[in-house]
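Report on one structure; see the data block that follows.
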Amino acid sequence: MACCYQVSLGGGIVAVAASSFPVNSKLKPFPALKAELPKPMASDLSPDRSIFHDASSSNPRRDLVFIVNPRGANGRTGKDWKKLLPYLRSRLDKNCNICESLTSGPYHAIDITREAIREGADAVVAVGGDGTLHEVVNGFFWAGKPVANHNREATRSTALGLIPLGTGSDFARTLGWKNDPHEAIDRIAKGLRSPVDVGVITGESEEESHYFINVADIHLSAKAGYFASRYKRFGNLCYVIGALQAFMGHKNQDLRIKVNEGEWETCSLVTALCIGNAKYFGGGMKITPNADPSSGNFEVVILQDFKWYDFILKLHRLYNGTHLSVKNVSSRSVFSIEVEDISGSGSIYVQSDGEHLGFLPRKFGILPSAIEMIC
């Protein structure tokens, strides 16, 4: 029998749908949040630890929260998720309490993730594309700090999981995963953890932070992503449509950058600047081919003075990651970078993980080993 419970989030009540599971596999509804924000808790976790204990252990069953965007990929995510449920139950029901949370709109996954972490979930699993993963990653943080378990005596942090479904799964590509949800469930069943880095973005005031796990980008590619988001119903073709629309009226711009807290330098006629924690964006484009989400650094790739025909002629190199040897393309490894628009127009687009964030200026920094991921 299907059920629905309510979660108190930031003073409001959000309805969270839960699918029908056997009584012994339901996660109890989350109680209301306390008024105060719990302080971040230091973790002594090491890589490659299972999220499940041995069946003979006296430890209780682990709580897994699956966050699903049922409207993703024009509703295909919700339909595919329903088809996966029997396999998921067969692989996980013995050792875990399974909670299915369906998002009701933008940013809902952020709130669900924060509540799950505070209530001690062993893992929060993003089910969908890079957009859902992006929101779940942002849910691991609040007010510039990691969200902490209410149980101060807990010795394990909440892990991040991923079942790739939806329009794009670029982060999964970096990890070498196939777009196979059954394999993803098998990984969750094994429960091996490994730390991954997270990028943090701040604006001029530095009061509000935004997080990303894949790629952040500036100018033409960010503008293309902004337009592409309007055409998600066309699948990966949305990226092509977005790029064509972004080229209309596009002008390369001079930008000022500061790398690793050093001196300001000028980059002339910038077409796009990409900050990669991972390798792929835009539906499989290997834009930052040397990026590694466990390295403690970003790869920054800058395309300068590109014309529209350069993209047509060199598109295959952008997709296979061989563009770093192309004229007017540069790459460097950094742990932080600040970017400003010299003209001060306030019209240079910024996005991260395909989500529009606004316009320059912005500062990008790395948080090494910020989250443990099930992989």
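Labels for the structure tokens follow display order: chains A, B, ..., residues from 1 in each chain, ligands from 1.
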Checklist entry - Near stretch 156-166 of chain A, within 9 Å and counting only C-alpha atoms, which residues show up once chain neighbours fewer than 5 positions away are dropped, as a PyMOL selection string? => result chain A and resi 41-45+51+66+72-77+80-81+116-117+120-130+133+136-137+140+148-149+172+178-185+187-188+193+235+371-375
Next on the checklist: Residues near A:Arg332, anyone? I mean within 9 Å using only C-alpha atoms, not counting same-chain ones fewer than 3 positions away, as a ChimeraX atom specification.
Outcome noted: /A:298-302
Checklist entry - If you run DSSP on this backbone, which residues of stretch 203-237 of chain A come out as strand (DSSP E or B), and could you give them as a PyMOL selection string? => result chain A and resi 209-212+215-219
